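A.B. asks: Quick one: the structure is below, and I'll ask about it shortly.
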Amino acid sequence: MANFLTVPLGYVAAIKGGQKGLKTVCIDGRGALGGTCLNVGCIPSKALLNATHKLHEAQHSFKDLGIVAKEVSVDYAQLMKSKEKAVKGLTSGIEFLLKKNKVDYLHGFGKFVSKSEVEVALKDGSKDTIKAKNIIIATGSEPSKLPGNVIPIDEKYCVSSTGALSLEKIPKKMIIVGGGVIGLELGSVY
Ligand SMILES: Cc1cc2nc3c(=O)[nH]c(=O)nc-3n(C[C@H](O)[C@H](O)[C@H](O)COP(=O)(O)OP(=O)(O)OC[C@H]3O[C@@H](n4cnc5c(N)ncnc54)[C@H](O)[C@@H]3O)c2cc1C
């Protein structure tokens, strides 16, 4: 029986648990650790934002500094590649950090079967049940549907922020529903 069970981005909490000497298990169904932030949130969005900011500077600000940048354009496939590299570099290190801090990692989706037991449907098709005294639920959030669901999010025509991070090509026109940080950020990118 574990004394401490977490579900990431509880990976930080899991590492702390391990460091404090608690028998700790970290369950995540995604496949790459680091949750939304590292996989489809802060990191890929900032990678795109940073690159497109540089493009904007080259196109609009360099000349004021006396730098002539001719024919600056976008290699979209390379832009996506460099974003993926940033994501891979960070997410691949987390499994190592868990191991280093003696945290067991279970790749699968968990569901409560009692208040102290979580059943995990493991990626390989088997099941495991973890009993723990202390459990942190850190399952994050999913993009909400548009009211009425008239236009379903299919991640092609109508995309969530996740789809917007990996569009097949740069769209000529785009409507952004939601003027929060993420909408503004990804709007700036495109
Ligand atoms: C495009 C975008 C840009 C962002 N930029 C920033 C930023 O610049 N700065 C910032 O501070 N925040 C940013 N955020 C927000 C940030 O990503 C989230 O606040 C943060 O990831 C939330 O962490 P969390 O641990 O609550 O959940 P998550 O990171 O969502 O992690 C939850 C994890 O639990 C897994 N999970 C869910 N259910 C189960 C289950 N039943 N069993 C097993 N695993 C499960 C999920 O697969 C996921 O891996 C951004 C978000 C997006 C979408």
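In the structure tokens, chains take the letters A, B, ... in the order shown, each chain's residues start at 1, and ligands count up from 1 in the order shown.
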What residues have any atom no more than 7 Å from ligand 1 when counting only C-alpha atoms and all ligand atoms, and can you list them as a PDB file with N, CA and C atoms, in the first residue's frame?
C.D. replies:
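Once everything was written out, this is out10.pdb:
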ATOM      1  N   VAL A   7      -1.731  12.187  -9.195  1.00  0.00           N
ATOM      2  CA  VAL A   7      -1.939  12.172 -10.644  1.00  0.00           C
ATOM      3  C   VAL A   7      -1.445  13.527 -11.147  1.00  0.00           C
ATOM      4  N   PRO A   8      -0.473  13.574 -12.120  1.00  0.00           N
ATOM      5  CA  PRO A   8       0.181  14.827 -12.516  1.00  0.00           C
ATOM      6  C   PRO A   8      -0.780  15.907 -13.037  1.00  0.00           C
ATOM      7  N   LEU A   9      -0.318  17.185 -13.161  1.00  0.00           N
ATOM      8  CA  LEU A   9       0.979  17.772 -13.073  1.00  0.00           C
ATOM      9  C   LEU A   9       1.437  17.721 -11.638  1.00  0.00           C
ATOM     10  N   GLY A  10       0.697  16.850 -10.983  1.00  0.00           N
ATOM     11  CA  GLY A  10       1.094  16.378  -9.695  1.00  0.00           C
ATOM     12  C   GLY A  10       2.459  15.718  -9.754  1.00  0.00           C
ATOM     13  N   ILE A  27       0.198   8.424 -11.345  1.00  0.00           N
ATOM     14  CA  ILE A  27      -0.589   7.814 -12.435  1.00  0.00           C
ATOM     15  C   ILE A  27      -0.859   8.882 -13.489  1.00  0.00           C
ATOM     16  N   ASP A  28      -0.574   8.592 -14.731  1.00  0.00           N
ATOM     17  CA  ASP A  28      -0.966   9.525 -15.793  1.00  0.00           C
ATOM     18  C   ASP A  28      -1.287   8.754 -17.063  1.00  0.00           C
ATOM     19  N   GLY A  29      -2.374   9.158 -17.692  1.00  0.00           N
ATOM     20  CA  GLY A  29      -2.845   8.421 -18.861  1.00  0.00           C
ATOM     21  C   GLY A  29      -2.318   8.932 -20.175  1.00  0.00           C
ATOM     22  N   ARG A  30      -1.701  10.111 -20.166  1.00  0.00           N
ATOM     23  CA  ARG A  30      -1.344  10.763 -21.435  1.00  0.00           C
ATOM     24  C   ARG A  30      -0.258  10.021 -22.219  1.00  0.00           C
ATOM     25  N   LEU A  33       4.790  12.480 -19.723  1.00  0.00           N
ATOM     26  CA  LEU A  33       4.530  13.184 -18.452  1.00  0.00           C
ATOM     27  C   LEU A  33       4.676  14.697 -18.628  1.00  0.00           C
ATOM     28  N   GLY A  34       4.189  15.432 -17.636  1.00  0.00           N
ATOM     29  CA  GLY A  34       4.310  16.895 -17.706  1.00  0.00           C
ATOM     30  C   GLY A  34       2.970  17.574 -17.937  1.00  0.00           C
ATOM     31  N   GLY A  35       1.913  16.766 -18.100  1.00  0.00           N
ATOM     32  CA  GLY A  35       0.567  17.330 -18.189  1.00  0.00           C
ATOM     33  C   GLY A  35       0.365  18.259 -19.371  1.00  0.00           C
ATOM     34  N   THR A  36      -0.663  19.082 -19.260  1.00  0.00           N
ATOM     35  CA  THR A  36      -1.013  20.029 -20.315  1.00  0.00           C
ATOM     36  C   THR A  36       0.128  20.999 -20.553  1.00  0.00           C
ATOM     37  N   CYS A  37       0.686  21.534 -19.464  1.00  0.00           N
ATOM     38  CA  CYS A  37       1.681  22.595 -19.569  1.00  0.00           C
ATOM     39  C   CYS A  37       2.827  22.213 -20.510  1.00  0.00           C
ATOM     40  N   VAL A  40       0.903  20.248 -24.207  1.00  0.00           N
ATOM     41  CA  VAL A  40       0.018  20.997 -25.121  1.00  0.00           C
ATOM     42  C   VAL A  40      -0.389  22.353 -24.532  1.00  0.00           C
ATOM     43  N   GLY A  41       0.492  22.923 -23.717  1.00  0.00           N
ATOM     44  CA  GLY A  41       0.130  24.185 -23.062  1.00  0.00           C
ATOM     45  C   GLY A  41       1.268  25.180 -23.124  1.00  0.00           C
ATOM     46  N   CYS A  42       1.743  25.548 -21.927  1.00  0.00           N
ATOM     47  CA  CYS A  42       2.747  26.610 -21.795  1.00  0.00           C
ATOM     48  C   CYS A  42       3.937  26.444 -22.746  1.00  0.00           C
ATOM     49  N   SER A  45       3.166  26.457 -26.693  1.00  0.00           N
ATOM     50  CA  SER A  45       2.644  27.775 -27.100  1.00  0.00           C
ATOM     51  C   SER A  45       3.752  28.822 -27.023  1.00  0.00           C
ATOM     52  N   LYS A  46       4.587  28.723 -25.982  1.00  0.00           N
ATOM     53  CA  LYS A  46       5.680  29.706 -25.866  1.00  0.00           C
ATOM     54  C   LYS A  46       6.741  29.489 -26.942  1.00  0.00           C
ATOM     55  N   GLY A 108      -1.497   5.015 -17.336  1.00  0.00           N
ATOM     56  CA  GLY A 108      -2.873   4.560 -17.542  1.00  0.00           C
ATOM     57  C   GLY A 108      -3.837   5.522 -16.882  1.00  0.00           C
ATOM     58  N   PHE A 109      -5.118   5.352 -17.177  1.00  0.00           N
ATOM     59  CA  PHE A 109      -6.132   6.230 -16.574  1.00  0.00           C
ATOM     60  C   PHE A 109      -6.650   5.606 -15.288  1.00  0.00           C
ATOM     61  N   GLY A 110      -6.793   6.445 -14.263  1.00  0.00           N
ATOM     62  CA  GLY A 110      -7.241   5.960 -12.964  1.00  0.00           C
ATOM     63  C   GLY A 110      -8.685   6.340 -12.691  1.00  0.00           C
ATOM     64  N   LYS A 111      -9.372   5.486 -11.933  1.00  0.00           N
ATOM     65  CA  LYS A 111     -10.694   5.880 -11.436  1.00  0.00           C
ATOM     66  C   LYS A 111     -10.844   5.359 -10.016  1.00  0.00           C
ATOM     67  N   ALA A 138      -5.014  15.556  -9.433  1.00  0.00           N
ATOM     68  CA  ALA A 138      -4.483  16.688 -10.224  1.00  0.00           C
ATOM     69  C   ALA A 138      -4.717  16.367 -11.697  1.00  0.00           C
ATOM     70  N   THR A 139      -5.985  16.139 -12.014  1.00  0.00           N
ATOM     71  CA  THR A 139      -6.321  15.657 -13.359  1.00  0.00           C
ATOM     72  C   THR A 139      -6.526  16.777 -14.374  1.00  0.00           C
ATOM     73  N   GLY A 140      -6.335  18.010 -13.953  1.00  0.00           N
ATOM     74  CA  GLY A 140      -6.368  19.132 -14.898  1.00  0.00           C
ATOM     75  C   GLY A 140      -7.748  19.426 -15.450  1.00  0.00           C
ATOM     76  N   SER A 141      -7.769  19.972 -16.651  1.00  0.00           N
ATOM     77  CA  SER A 141      -9.049  20.348 -17.257  1.00  0.00           C
ATOM     78  C   SER A 141      -9.002  20.073 -18.761  1.00  0.00           C
ATOM     79  N   SER A 161      -7.328  24.647 -28.170  1.00  0.00           N
ATOM     80  CA  SER A 161      -5.941  25.138 -28.140  1.00  0.00           C
ATOM     81  C   SER A 161      -4.977  24.025 -28.524  1.00  0.00           C
ATOM     82  N   THR A 162      -5.330  22.776 -28.195  1.00  0.00           N
ATOM     83  CA  THR A 162      -4.437  21.652 -28.529  1.00  0.00           C
ATOM     84  C   THR A 162      -4.286  21.530 -30.044  1.00  0.00           C
ATOM     85  N   ILE A 182      -4.865  32.461 -23.682  1.00  0.00           N
ATOM     86  CA  ILE A 182      -4.529  31.447 -24.696  1.00  0.00           C
ATOM     87  C   ILE A 182      -5.007  31.884 -26.076  1.00  0.00           C
TER      88      ILE A 182
END
A.B. asks: When you look at segment 64-74 of chain A with a cut-off of 12 Å (counting only C-alpha atoms), what residues show up, excluding the ones that are within fewer than 2 positions of it in the same chain? I need them as a PyMOL selection string.
C.D. replies: chain A and resi 48+51-62+76-80+169-170+189-190
A.B. asks: Show me, as a VMD selection string, the residues that have an atom within 12 Å of Asp124 of chain A when counting only C-alpha atoms, minus same-chain residues fewer than 2 positions from it.
C.D. replies: chain A and resid 29 31 106 to 109 120 to 122 126 to 128
A.B. asks: Now that the selection is made, can you save its residues with N, CA, C and O atoms as a PDB file, in the first residue's frame?
C.D. replies:
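Produced file part_17.pdb, reproduced below:
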ATOM      1  N   GLY A  29      -2.374   9.158 -17.692  1.00  0.00           N
ATOM      2  CA  GLY A  29      -2.845   8.421 -18.861  1.00  0.00           C
ATOM      3  C   GLY A  29      -2.318   8.932 -20.175  1.00  0.00           C
ATOM      4  O   GLY A  29      -2.462   8.279 -21.209  1.00  0.00           O
ATOM      5  N   GLY A  31       0.711   9.507 -21.513  1.00  0.00           N
ATOM      6  CA  GLY A  31       1.813   8.828 -22.214  1.00  0.00           C
ATOM      7  C   GLY A  31       3.107   9.603 -22.110  1.00  0.00           C
ATOM      8  O   GLY A  31       4.170   9.036 -21.967  1.00  0.00           O
ATOM      9  N   LEU A 106       2.793   4.898 -13.214  1.00  0.00           N
ATOM     10  CA  LEU A 106       1.874   4.004 -13.912  1.00  0.00           C
ATOM     11  C   LEU A 106       1.264   4.741 -15.094  1.00  0.00           C
ATOM     12  O   LEU A 106       0.635   5.791 -14.914  1.00  0.00           O
ATOM     13  N   HIS A 107       1.465   4.210 -16.273  1.00  0.00           N
ATOM     14  CA  HIS A 107       0.901   4.825 -17.480  1.00  0.00           C
ATOM     15  C   HIS A 107      -0.495   4.242 -17.727  1.00  0.00           C
ATOM     16  O   HIS A 107      -0.641   3.125 -18.189  1.00  0.00           O
ATOM     17  N   GLY A 108      -1.497   5.015 -17.336  1.00  0.00           N
ATOM     18  CA  GLY A 108      -2.873   4.560 -17.542  1.00  0.00           C
ATOM     19  C   GLY A 108      -3.837   5.522 -16.882  1.00  0.00           C
ATOM     20  O   GLY A 108      -3.423   6.422 -16.137  1.00  0.00           O
ATOM     21  N   PHE A 109      -5.118   5.352 -17.177  1.00  0.00           N
ATOM     22  CA  PHE A 109      -6.132   6.230 -16.574  1.00  0.00           C
ATOM     23  C   PHE A 109      -6.650   5.606 -15.288  1.00  0.00           C
ATOM     24  O   PHE A 109      -6.902   4.403 -15.224  1.00  0.00           O
ATOM     25  N   VAL A 120      -6.424   1.446 -11.977  1.00  0.00           N
ATOM     26  CA  VAL A 120      -5.748   2.028 -13.136  1.00  0.00           C
ATOM     27  C   VAL A 120      -5.868   1.089 -14.332  1.00  0.00           C
ATOM     28  O   VAL A 120      -5.481  -0.082 -14.256  1.00  0.00           O
ATOM     29  N   ALA A 121      -6.447   1.621 -15.410  1.00  0.00           N
ATOM     30  CA  ALA A 121      -6.499   0.856 -16.668  1.00  0.00           C
ATOM     31  C   ALA A 121      -5.180   1.125 -17.374  1.00  0.00           C
ATOM     32  O   ALA A 121      -4.983   2.189 -17.967  1.00  0.00           O
ATOM     33  N   LEU A 122      -4.269   0.177 -17.279  1.00  0.00           N
ATOM     34  CA  LEU A 122      -2.914   0.396 -17.800  1.00  0.00           C
ATOM     35  C   LEU A 122      -2.890   0.336 -19.323  1.00  0.00           C
ATOM     36  O   LEU A 122      -3.752  -0.281 -19.950  1.00  0.00           O
ATOM     37  N   SER A 126      -3.902  -4.263 -19.095  1.00  0.00           N
ATOM     38  CA  SER A 126      -4.145  -4.858 -17.776  1.00  0.00           C
ATOM     39  C   SER A 126      -4.637  -3.788 -16.792  1.00  0.00           C
ATOM     40  O   SER A 126      -4.697  -2.598 -17.129  1.00  0.00           O
ATOM     41  N   LYS A 127      -5.017  -4.250 -15.606  1.00  0.00           N
ATOM     42  CA  LYS A 127      -5.499  -3.312 -14.589  1.00  0.00           C
ATOM     43  C   LYS A 127      -4.687  -3.454 -13.319  1.00  0.00           C
ATOM     44  O   LYS A 127      -4.190  -4.538 -13.021  1.00  0.00           O
ATOM     45  N   ASP A 128      -4.586  -2.377 -12.575  1.00  0.00           N
ATOM     46  CA  ASP A 128      -3.886  -2.425 -11.296  1.00  0.00           C
ATOM     47  C   ASP A 128      -4.707  -1.588 -10.325  1.00  0.00           C
ATOM     48  O   ASP A 128      -5.339  -0.612 -10.737  1.00  0.00           O
TER      49      ASP A 128
END
A.B. asks: Might you pull out every residue within 6 Å of Gly18 of chain A, with only C-alpha atoms counted and same-chain residues fewer than 2 positions away left off, and present them as a compact mmCIF listing (two decimals) with all heavy atoms, in the first residue's frame?
C.D. replies:
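Contents of around_10.txt, freshly written:
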# COMPACT_ATOMS: atom_id res chain seq x y z
N ILE A 15 7.23 14.01 -6.89
CA ILE A 15 8.66 14.10 -6.62
C ILE A 15 8.89 14.51 -5.17
O ILE A 15 9.71 13.93 -4.45
CB ILE A 15 9.35 15.06 -7.62
CG1 ILE A 15 9.37 14.43 -9.00
CG2 ILE A 15 10.76 15.43 -7.17
CD1 ILE A 15 9.80 15.34 -10.13
N LYS A 16 8.11 15.48 -4.72
CA LYS A 16 8.23 15.92 -3.31
C LYS A 16 7.93 14.76 -2.37
O LYS A 16 8.63 14.57 -1.38
CB LYS A 16 7.24 17.06 -3.03
CG LYS A 16 7.82 18.43 -3.23
CD LYS A 16 8.58 18.88 -1.97
CE LYS A 16 9.30 20.17 -2.17
NZ LYS A 16 10.73 20.07 -2.40
N LYS A 20 10.41 13.09 0.35
CA LYS A 20 10.09 13.06 1.78
C LYS A 20 10.06 11.63 2.32
O LYS A 20 9.67 11.38 3.46
CB LYS A 20 8.73 13.73 2.05
CG LYS A 20 8.71 15.21 1.74
CD LYS A 20 9.28 16.01 2.89
CE LYS A 20 9.31 17.48 2.53
NZ LYS A 20 10.21 18.26 3.36
N GLY A 21 10.36 10.67 1.46
CA GLY A 21 10.44 9.28 1.90
C GLY A 21 9.11 8.55 1.89
O GLY A 21 9.00 7.44 2.42
N LEU A 22 8.07 9.15 1.28
CA LEU A 22 6.79 8.47 1.19
C LEU A 22 6.80 7.51 0.00
O LEU A 22 7.37 7.82 -1.04
CB LEU A 22 5.65 9.49 1.01
CG LEU A 22 5.41 10.46 2.15
CD1 LEU A 22 4.44 11.56 1.72
CD2 LEU A 22 4.84 9.74 3.36
N THR A 24 5.48 6.51 -3.09
CA THR A 24 4.65 7.35 -3.96
C THR A 24 4.44 6.73 -5.33
O THR A 24 5.37 6.20 -5.93
CB THR A 24 5.32 8.74 -4.11
OG1 THR A 24 5.57 9.26 -2.80
CG2 THR A 24 4.44 9.70 -4.87
N ASN A 101 13.75 9.95 -7.87
CA ASN A 101 13.16 10.25 -6.56
C ASN A 101 12.28 9.12 -6.03
O ASN A 101 11.43 9.33 -5.16
CB ASN A 101 12.38 11.57 -6.64
CG ASN A 101 13.32 12.75 -6.78
OD1 ASN A 101 13.99 13.13 -5.82
ND2 ASN A 101 13.42 13.29 -7.98
N LYS A 102 12.51 7.94 -6.60
CA LYS A 102 11.85 6.70 -6.14
C LYS A 102 10.33 6.75 -6.22
O LYS A 102 9.62 6.26 -5.35
CB LYS A 102 12.31 6.36 -4.72
CG LYS A 102 13.80 6.11 -4.61
CD LYS A 102 14.18 5.60 -3.22
CE LYS A 102 15.65 5.25 -3.13
NZ LYS A 102 16.59 6.30 -3.48
N VAL A 103 9.83 7.38 -7.27
CA VAL A 103 8.39 7.43 -7.50
C VAL A 103 8.05 6.40 -8.57
O VAL A 103 8.68 6.37 -9.62
CB VAL A 103 7.94 8.84 -7.98
CG1 VAL A 103 6.45 8.86 -8.31
CG2 VAL A 103 8.29 9.90 -6.95
A.B. asks: Taking only C-alpha atoms into account, name the residue in A:Ser144, A:Thr91, A:Asn50, A:Asn149 that is nearest to Glu185 of chain A.
C.D. replies: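 Closest residue, counting only C-alpha atoms: A:Asn50.
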A.B. asks: As number ranges by chain, please: all residues of segment 16-163 of chain A that backbone DSSP puts in helix (DSSP H, G or I).
C.D. replies: A: 16-19, 35-40, 42-60, 62-65, 76-100, 147-149, 161-163
A.B. asks: Using DSSP on the backbone, list every residue of segment 4-151 of chain A that comes out as strand (DSSP E), and give them as a ChimeraX atom specification.
C.D. replies: /A:4-6,24-28,103-114,117-122,127-136
A.B. asks: Out of A:Ala164, A:Ile176, A:Cys26, A:Phe96, which residue has the shortest atom-to-atom distance to Ile130 of chain A when counting only C-alpha atoms?
C.D. replies: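 For Ile130 of chain A, the nearest of the candidates is A:Cys26.
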A.B. asks: Could you tell me how far atom CA of Ala47 of chain A lies from atom CA of Ser82 of chain A, in Å and to one decimal?
C.D. replies: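 Interatomic distance, atom CA of Ala47 of chain A to atom CA of Ser82 of chain A: 7.8 Å.
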A.B. asks: Atom CA of Leu165 of chain A and atom CA of Pro44 of chain A, how far apart in Å?
C.D. replies: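 Between these atoms lies a distance of 7.0 Å.
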A.B. asks: So which one's closest to Glu84 of chain A, A:Ser166, A:Tyr105, A:Gly148, A:Val159? Using only C-alpha atoms, please.
C.D. replies: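 Among A:Ser166, A:Tyr105, A:Gly148, A:Val159, it is A:Ser166 that comes nearest to Glu84 of chain A.
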